[in-house]
Amino acid sequence: MAVEERKTNGPGPGGAGPAADVPVIAVGGGGFGGSYAIKELLRRKGKRRFRIVLFEPRSRFVFTPLLHEVATAGLEAEHATVPYTALFSPDEVEHRSEAVTAIDAAEQAVVTPNGKVHYDYLVLATGATTNFYGNDSARQLALTLKDDADAHRIRFALEQALLDAAQRRSPEEQRSLLSVVVVGGGPTGVELVAEIAQFLRYRIRKQYPMIVREAPRVTLVQAAPEILPGFSARFRKAALRGLERLGIEVKAGLTVRNVLKSGIVCEDAQKETVSLRSSLTVWAAGIAPAKVPLSSDTGGQRCYVTAADLSVSGLPCAFALGDAAMYDPALNLPRTPALAQAAVQQAAVVAENVLATMDGKKMRTFTFRSRGTLVSLGQRNAVGELSTPFGTLFLNGFFAWWLWRTVYLFKFLDAKQQARSAAAWTARLFTRRSAAVPAETMDMQENDEGRNGTKRTSKRKGKKVS
Ligand SMILES: Cc1cc2nc3c(=O)[nH]c(=O)nc-3n(C[C@H](O)[C@H](O)[C@H](O)COP(=O)(O)OP(=O)(O)OC[C@H]3O[C@@H](n4cnc5c(N)ncnc54)[C@H](O)[C@@H]3O)c2cc1C
């Protein structure tokens with residue numbers, strides 16, 4: 001496969017003169033790591049000349065921390081996504097909507113299904129996919145929450161379950177149709193389950209008086225003995241209390257062995273089988289790095305292995321960050337958490353180090369500094385711990401939730417999206433949630449019969465599991 005001759009193709013973006021003189025910075029993945037690295041590169045560009053080529057199959061940047069609100073009609077997808085065309089000027093960044101399939105170190109080329117593209121500098125930020133831990137039934141039947149399309153699927157499944165339940169007279173049948181299980185007691189699972197519980201109750205109160213108010217049975221299943229492992233005891237306790245106040249059943253210490261169309265089969269610590277009814281199962285139980293193969297790989301590396309300056313071991317002029325990157329274990333450095341705030345911090349260092357390499361200067365090492373964590377517990381409630389110069393500040397309740405929203409508002413890359421989301425949030429302070437079922441989710445449903453919570457919810461009665 002010939003390397004595409006990008007260096008002789010005429011003027012490069014940005015009126016940079018003949019492209020032959022201009023180094024190419026290829027970026028694989030336009031999520032938090034990739035997009036923020038590009039923003040930083042552009043911000044620090046100065047008089048340097050380079051072209052940036054972004055390889056990203058999606059057409060839009062997805063602001064993942066808000067997806068649970070999109071899944072439950074708290075926000076529309078346009079508030080949690082920004083098209084790359086709005087984020088980057090085509091003069092500055094060439095977006096190629098293709099996935100990187102491999103990196104050819106010898107030719108210094110990005111490999112895509114359409115050929116090879118030469119790079120001078122490479123930034124790898126391909127993120128993570130859902131980890132089903134080898135559970136094929138979960139892969140086939142559970143919904144996931146990784147992007148706005150996933151959020152729409154969950155939202156449609158919830159709306160459909162409500163429509164189906166409204167047609168049943170028996171509270172038992174309504175309960176069966178409105179049994180929802182979220183698997184995974186990390187921040188994503190906790191935030192999502194809280195929104196789902198509130199969403200169902202809100203919709204029943206406002207739109208479905210024929211459904212008994214107690215019908216929804218929303219359960220959070222967690223394999224570890226407690227939810228939010230790694231958080232302080234106070235944080236975990238406050239989050240648990242918040243979930244219980246929303247009527248959510250929290251079942252910790254259960255490992256999901258099988259996902260069925262009508263429920264899940266788990267194993268507890270004593271290896272006893274526990275079955276739970278579920279008309280909709282959402283899998284938020286873990287992530288796996290979405291690393292692409294590098295020709296420099298020496299074994300079965302699951303992540304991009306980096307030095308302390310985030311340069312990829314064995315791959316010259318290449319850097320990696322985000323969920324798919326980790327330090328070389330031989331360095332004995334603390335693990336960087338798989339968080340947007342870590343990817344954003346890494347992005348600044350990667351941008352600086354790409355430019356330092358270009359200028360022949362010394363590179364900076366990366367150290368993650370936690371700013372703290374905020375976990376929302378539905379609308380108007382959150383729990384958080386913030387790092388301050390005076391120690392950790394614990395927050396709980398409405399103020400924590402307000403802060404949670406404000407922090408995210410300031411993290412948006414695009415000013416227009418910032419304004420749109422601020423307006424939507426302000427409106428939601430009064431209306432709480434959108435009442436409309438998005439038309440495109442209906443269309444999606446027509447074409448998507450495979451997963452849990454799709455057509456089968458209206459066509460089949462739940463098989464009694466427990
Ligand atoms: C529902 C949800 C909620 C979250 N909430 C929070 C939160 O509240 N706070 C927080 O700090 N973190 C949160 N996270 C974690 C956060 O989203 C990630 O840690 C962060 O996005 C990692 O950045 P990244 O650039 O590595 O990956 P991503 O942001 O996921 O970006 C990876 C990009 O690479 C693209 N890609 C994948 N493979 C290829 C390929 N082969 N070629 C080209 N492109 C490719 C993908 O399409 C994607 O756009 C959440 C995650 C999820 C899923």
# chains A, B, ... in the order shown; residues from 1 in each chain; ligands from 1

$ closest_atom_pairs --of "chain A" --to "ligand 1" --cutoff "8 Å" --atoms "only C-alpha atoms and all ligand atoms" --output "Markdown table"
| residue | atom | partner | partner_atom_place_in_ligand_line | distance |
| --- | --- | --- | --- | --- |
| A:Gly28 | CA | ligand 1 | 43 (C) | 4.7 |
| A:Gly29 | CA | ligand 1 | 34 (O) | 3.3 |
| A:Gly30 | CA | ligand 1 | 49 (O) | 4.6 |
| A:Gly31 | CA | ligand 1 | 31 (O) | 3.1 |
| A:Phe32 | CA | ligand 1 | 25 (O) | 4.0 |
| A:Gly33 | CA | ligand 1 | 25 (O) | 3.4 |
| A:Gly34 | CA | ligand 1 | 25 (O) | 5.5 |
| A:Ser35 | CA | ligand 1 | 25 (O) | 7.5 |
| A:Phe55 | CA | ligand 1 | 43 (C) | 5.0 |
| A:Glu56 | CA | ligand 1 | 44 (N) | 4.1 |
| A:Pro57 | CA | ligand 1 | 44 (N) | 5.8 |
| A:Arg58 | CA | ligand 1 | 47 (O) | 5.5 |
| A:Arg60 | CA | ligand 1 | 49 (O) | 7.7 |
| A:Phe61 | CA | ligand 1 | 49 (O) | 6.3 |
| A:Val62 | CA | ligand 1 | 49 (O) | 6.8 |
| A:Phe63 | CA | ligand 1 | 17 (O) | 7.1 |
| A:Thr64 | CA | ligand 1 | 2 (C) | 4.5 |
| A:Pro65 | CA | ligand 1 | 5 (N) | 3.5 |
| A:Leu66 | CA | ligand 1 | 3 (C) | 6.7 |
| A:Leu67 | CA | ligand 1 | 1 (C) | 5.4 |
| A:His68 | CA | ligand 1 | 1 (C) | 6.3 |
| A:Glu98 | CA | ligand 1 | 43 (C) | 6.5 |
| A:Ala99 | CA | ligand 1 | 42 (N) | 3.5 |
| A:Val100 | CA | ligand 1 | 42 (N) | 3.7 |
| A:Thr101 | CA | ligand 1 | 41 (N) | 5.4 |
| A:Ala102 | CA | ligand 1 | 41 (N) | 7.8 |
| A:Ala125 | CA | ligand 1 | 25 (O) | 4.9 |
| A:Thr126 | CA | ligand 1 | 34 (O) | 3.6 |
| A:Gly127 | CA | ligand 1 | 27 (O) | 3.3 |
| A:Ala128 | CA | ligand 1 | 30 (O) | 5.7 |
| A:Thr129 | CA | ligand 1 | 30 (O) | 7.8 |
| A:Leu145 | CA | ligand 1 | 1 (C) | 5.1 |
| A:Lys146 | CA | ligand 1 | 53 (C) | 4.3 |
| A:Asp147 | CA | ligand 1 | 53 (C) | 6.9 |
| A:Pro187 | CA | ligand 1 | 5 (N) | 7.0 |
| A:Thr188 | CA | ligand 1 | 3 (C) | 5.1 |
| A:Ala284 | CA | ligand 1 | 1 (C) | 8.0 |
| A:Ala290 | CA | ligand 1 | 38 (N) | 5.6 |
| A:Lys291 | CA | ligand 1 | 41 (N) | 7.1 |
| A:Val292 | CA | ligand 1 | 41 (N) | 5.8 |
| A:Leu321 | CA | ligand 1 | 26 (O) | 6.1 |
| A:Gly322 | CA | ligand 1 | 26 (O) | 3.2 |
| A:Asp323 | CA | ligand 1 | 26 (O) | 3.9 |
| A:Ala324 | CA | ligand 1 | 26 (O) | 5.7 |
| A:Ala325 | CA | ligand 1 | 26 (O) | 7.6 |
| A:Pro337 | CA | ligand 1 | 19 (O) | 7.6 |
| A:Ala338 | CA | ligand 1 | 19 (O) | 4.3 |
| A:Leu339 | CA | ligand 1 | 19 (O) | 3.2 |
| A:Ala340 | CA | ligand 1 | 11 (O) | 3.6 |
| A:Gln341 | CA | ligand 1 | 11 (O) | 4.5 |
| A:Ala342 | CA | ligand 1 | 11 (O) | 6.8 |
| A:Ala343 | CA | ligand 1 | 23 (O) | 5.1 |
| A:Val344 | CA | ligand 1 | 23 (O) | 7.7 |
| A:Thr373 | CA | ligand 1 | 9 (N) | 7.5 |
| A:Leu374 | CA | ligand 1 | 8 (O) | 7.3 |
| A:Val375 | CA | ligand 1 | 8 (O) | 6.9 |

$ residues_around --residues "Ala194 in chain A" --least-positions-apart "3" --cutoff "6 Å" --atoms "only C-alpha atoms" --output "list in words"
Glu191, Ala197, Leu377 and Gly378 of chain A

$ closest_residue --among "A:Glu249, A:Leu393, A:Val282, A:Ser176" --to "Gln140 in chain A" --atoms "only C-alpha atoms"
A:Val282

$ residues_around --residues "Thr306 in chain A" --least-positions-apart "6" --cutoff "9 Å" --atoms "only C-alpha atoms" --output "number ranges by chain"
A: 312-313, 319-321, 325-328

$ write_last_selection --atoms "N, CA and C atoms" --output "mmCIF file, in the first residue's frame"
data_model
loop_
_atom_site.group_PDB
_atom_site.id
_atom_site.type_symbol
_atom_site.label_atom_id
_atom_site.label_comp_id
_atom_site.auth_asym_id
_atom_site.auth_seq_id
_atom_site.Cartn_x
_atom_site.Cartn_y
_atom_site.Cartn_z
ATOM 1 N N VAL A 312 5.154 7.653 22.846
ATOM 2 C CA VAL A 312 4.886 6.216 22.772
ATOM 3 C C VAL A 312 6.204 5.449 22.665
ATOM 4 N N SER A 313 6.343 4.459 23.549
ATOM 5 C CA SER A 313 7.587 3.694 23.563
ATOM 6 C C SER A 313 7.788 2.996 22.211
ATOM 7 N N PHE A 319 2.819 10.309 20.254
ATOM 8 C CA PHE A 319 2.369 10.535 21.631
ATOM 9 C C PHE A 319 0.997 9.875 21.797
ATOM 10 N N ALA A 320 0.694 9.478 23.025
ATOM 11 C CA ALA A 320 -0.622 8.874 23.256
ATOM 12 C C ALA A 320 -1.183 9.390 24.569
ATOM 13 N N LEU A 321 -2.507 9.443 24.638
ATOM 14 C CA LEU A 321 -3.169 9.981 25.835
ATOM 15 C C LEU A 321 -4.573 9.428 25.947
ATOM 16 N N ALA A 325 -4.263 4.991 26.786
ATOM 17 C CA ALA A 325 -2.824 5.108 27.055
ATOM 18 C C ALA A 325 -2.513 4.771 28.502
ATOM 19 N N MET A 326 -1.326 4.236 28.717
ATOM 20 C CA MET A 326 -0.857 4.062 30.101
ATOM 21 C C MET A 326 0.659 4.160 30.127
ATOM 22 N N TYR A 327 1.176 4.535 31.280
ATOM 23 C CA TYR A 327 2.633 4.614 31.431
ATOM 24 C C TYR A 327 3.234 3.225 31.315
ATOM 25 N N ASP A 328 4.454 3.175 30.835
ATOM 26 C CA ASP A 328 5.208 1.930 30.862
ATOM 27 C C ASP A 328 5.283 1.452 32.321
#

$ closest_residue --among "A:Val350, A:Phe399, A:Gln167, A:Ala427" --to "Glu40 in chain A" --atoms "only C-alpha atoms"
A:Val350

$ residues_around --residues "Gly186 in chain A" --least-positions-apart "3" --cutoff "8 Å" --atoms "only C-alpha atoms" --output "list in words"
Gly189, Val190, Ile227, Leu228, Pro229, Ala284 and Ala285 of chain A

$ atom_distance --atom1 "CA of Gly230 in chain A" --atom2 "CA of Ala252 in chain A"
14.7 Å

$ atom_distance --atom1 "CA of Thr388 in chain A" --atom2 "CA of Trp404 in chain A"
15.8 Å

$ closest_residue --among "A:Gly184, A:Gly314, A:Gly242, A:Pro216" --to "Leu254 in chain A" --atoms "only C-alpha atoms"
A:Gly184

$ atom_distance --atom1 "CA of Ala37 in chain A" --atom2 "CA of Asp120 in chain A"
15.9 Å

$ select_by_dssp --residues "range 75-287 of chain A" --states "strand (DSSP E)" --output "PyMOL selection string"
chain A and resi 81-83+93-96+102-104+109-112+115-118+121-124+128-130+179-183+217-222+249-252+255-259+263-267+273-277+280-283+287

$ residues_around --residues "Cys266 in chain A" --least-positions-apart "5" --cutoff "7 Å" --atoms "only C-alpha atoms" --output "VMD selection string"
chain A and resid 254 to 258 273 to 275

$ select_by_dssp --residues "range 254-383 of chain A" --states "alpha helix (DSSP H)" --output "list in words"
Ala340, Gln341, Ala342, Ala343, Val344, Gln345, Gln346, Ala347, Ala348, Val349, Val350, Ala351, Glu352, Asn353, Val354, Leu355, Ala356, Thr357, Met358 and Asp359 of chain A

$ write_last_selection --atoms "C-alpha atoms" --output "JSON list (two decimals), in the first residue's frame"
[["chain", "number", "residue", "atom", "x", "y", "z"],
["A", 340, "ALA", "CA", -12.04, 13.32, 30.77],
["A", 341, "GLN", "CA", -10.24, 15.64, 33.18],
["A", 342, "ALA", "CA", -7.11, 13.47, 32.87],
["A", 343, "ALA", "CA", -7.33, 13.38, 29.05],
["A", 344, "VAL", "CA", -7.71, 17.18, 28.97],
["A", 345, "GLN", "CA", -4.68, 17.67, 31.22],
["A", 346, "GLN", "CA", -2.67, 15.22, 29.10],
["A", 347, "ALA", "CA", -3.75, 17.04, 25.93],
["A", 348, "ALA", "CA", -1.95, 20.22, 27.03],
["A", 349, "VAL", "CA", 1.27, 18.28, 27.71],
["A", 350, "VAL", "CA", 1.06, 16.32, 24.46],
["A", 351, "ALA", "CA", 0.55, 19.53, 22.45],
["A", 352, "GLU", "CA", 3.50, 21.13, 24.22],
["A", 353, "ASN", "CA", 5.67, 18.07, 23.61],
["A", 354, "VAL", "CA", 4.76, 17.79, 19.91],
["A", 355, "LEU", "CA", 5.86, 21.41, 19.51],
["A", 356, "ALA", "CA", 8.97, 20.84, 21.65],
["A", 357, "THR", "CA", 9.92, 17.90, 19.38],
["A", 358, "MET", "CA", 9.34, 20.12, 16.35],
["A", 359, "ASP", "CA", 11.55, 22.84, 17.86]]

$ closest_residue --among "A:Trp401, A:Lys116, A:Gln222, A:Val22" --to "Gly286 in chain A" --atoms "only C-alpha atoms"
A:Gln222

$ closest_residue --among "A:Ala423, A:Leu42, A:Leu192, A:Leu178" --to "Asp91 in chain A" --atoms "only C-alpha atoms"
A:Leu42

$ residues_around --residues "Thr281 in chain A" --least-positions-apart "6" --cutoff "9 Å" --atoms "only C-alpha atoms" --output "PDB file with N, CA and C atoms, in the first residue's frame"
ATOM      1  N   ALA A 138     -24.409 -10.178  27.384  1.00  0.00           N
ATOM      2  CA  ALA A 138     -24.469  -8.731  27.667  1.00  0.00           C
ATOM      3  C   ALA A 138     -24.185  -7.956  26.387  1.00  0.00           C
ATOM      4  N   LEU A 141     -27.446  -8.236  24.279  1.00  0.00           N
ATOM      5  CA  LEU A 141     -28.767  -7.805  24.748  1.00  0.00           C
ATOM      6  C   LEU A 141     -28.787  -6.521  25.577  1.00  0.00           C
ATOM      7  N   ALA A 142     -27.647  -6.169  26.149  1.00  0.00           N
ATOM      8  CA  ALA A 142     -27.679  -4.964  26.993  1.00  0.00           C
ATOM      9  C   ALA A 142     -27.416  -3.730  26.136  1.00  0.00           C
ATOM     10  N   LEU A 143     -27.998  -2.619  26.539  1.00  0.00           N
ATOM     11  CA  LEU A 143     -27.645  -1.345  25.913  1.00  0.00           C
ATOM     12  C   LEU A 143     -26.395  -0.808  26.597  1.00  0.00           C
ATOM     13  N   THR A 144     -25.722   0.107  25.919  1.00  0.00           N
ATOM     14  CA  THR A 144     -24.514   0.707  26.497  1.00  0.00           C
ATOM     15  C   THR A 144     -24.660   2.227  26.431  1.00  0.00           C
ATOM     16  N   SER A 179     -39.245  -2.587  34.642  1.00  0.00           N
ATOM     17  CA  SER A 179     -38.100  -3.039  35.440  1.00  0.00           C
ATOM     18  C   SER A 179     -36.819  -2.753  34.664  1.00  0.00           C
ATOM     19  N   VAL A 180     -36.008  -1.912  35.236  1.00  0.00           N
ATOM     20  CA  VAL A 180     -34.775  -1.505  34.551  1.00  0.00           C
ATOM     21  C   VAL A 180     -33.585  -1.842  35.440  1.00  0.00           C
ATOM     22  N   VAL A 181     -32.568  -2.449  34.838  1.00  0.00           N
ATOM     23  CA  VAL A 181     -31.347  -2.737  35.594  1.00  0.00           C
ATOM     24  C   VAL A 181     -30.176  -2.014  34.932  1.00  0.00           C
ATOM     25  N   VAL A 182     -29.405  -1.294  35.725  1.00  0.00           N
ATOM     26  CA  VAL A 182     -28.142  -0.729  35.247  1.00  0.00           C
ATOM     27  C   VAL A 182     -27.040  -1.546  35.902  1.00  0.00           C
ATOM     28  N   VAL A 183     -26.150  -2.082  35.084  1.00  0.00           N
ATOM     29  CA  VAL A 183     -25.048  -2.894  35.606  1.00  0.00           C
ATOM     30  C   VAL A 183     -23.794  -2.029  35.666  1.00  0.00           C
ATOM     31  N   VAL A 259     -27.238 -12.187  30.600  1.00  0.00           N
ATOM     32  CA  VAL A 259     -28.288 -11.189  30.351  1.00  0.00           C
ATOM     33  C   VAL A 259     -29.319 -11.842  29.430  1.00  0.00           C
ATOM     34  N   LEU A 260     -30.568 -11.848  29.883  1.00  0.00           N
ATOM     35  CA  LEU A 260     -31.662 -12.424  29.096  1.00  0.00           C
ATOM     36  C   LEU A 260     -32.545 -11.282  28.618  1.00  0.00           C
ATOM     37  N   LYS A 261     -33.490 -11.608  27.732  1.00  0.00           N
ATOM     38  CA  LYS A 261     -34.390 -10.544  27.268  1.00  0.00           C
ATOM     39  C   LYS A 261     -35.308 -10.099  28.397  1.00  0.00           C
ATOM     40  N   GLY A 263     -34.481 -10.443  31.841  1.00  0.00           N
ATOM     41  CA  GLY A 263     -33.835 -10.213  33.127  1.00  0.00           C
ATOM     42  C   GLY A 263     -32.349 -10.525  33.089  1.00  0.00           C
ATOM     43  N   ILE A 264     -31.776 -10.578  34.267  1.00  0.00           N
ATOM     44  CA  ILE A 264     -30.352 -10.929  34.350  1.00  0.00           C
ATOM     45  C   ILE A 264     -30.164 -12.030  35.386  1.00  0.00           C
ATOM     46  N   ASN A 452     -31.522  -5.219  23.760  1.00  0.00           N
ATOM     47  CA  ASN A 452     -32.495  -5.141  24.835  1.00  0.00           C
ATOM     48  C   ASN A 452     -33.220  -3.798  24.777  1.00  0.00           C
ATOM     49  N   GLY A 453     -34.484  -3.805  25.130  1.00  0.00           N
ATOM     50  CA  GLY A 453     -35.201  -2.552  25.219  1.00  0.00           C
ATOM     51  C   GLY A 453     -35.697  -2.058  23.883  1.00  0.00           C
TER      52      GLY A 453
END
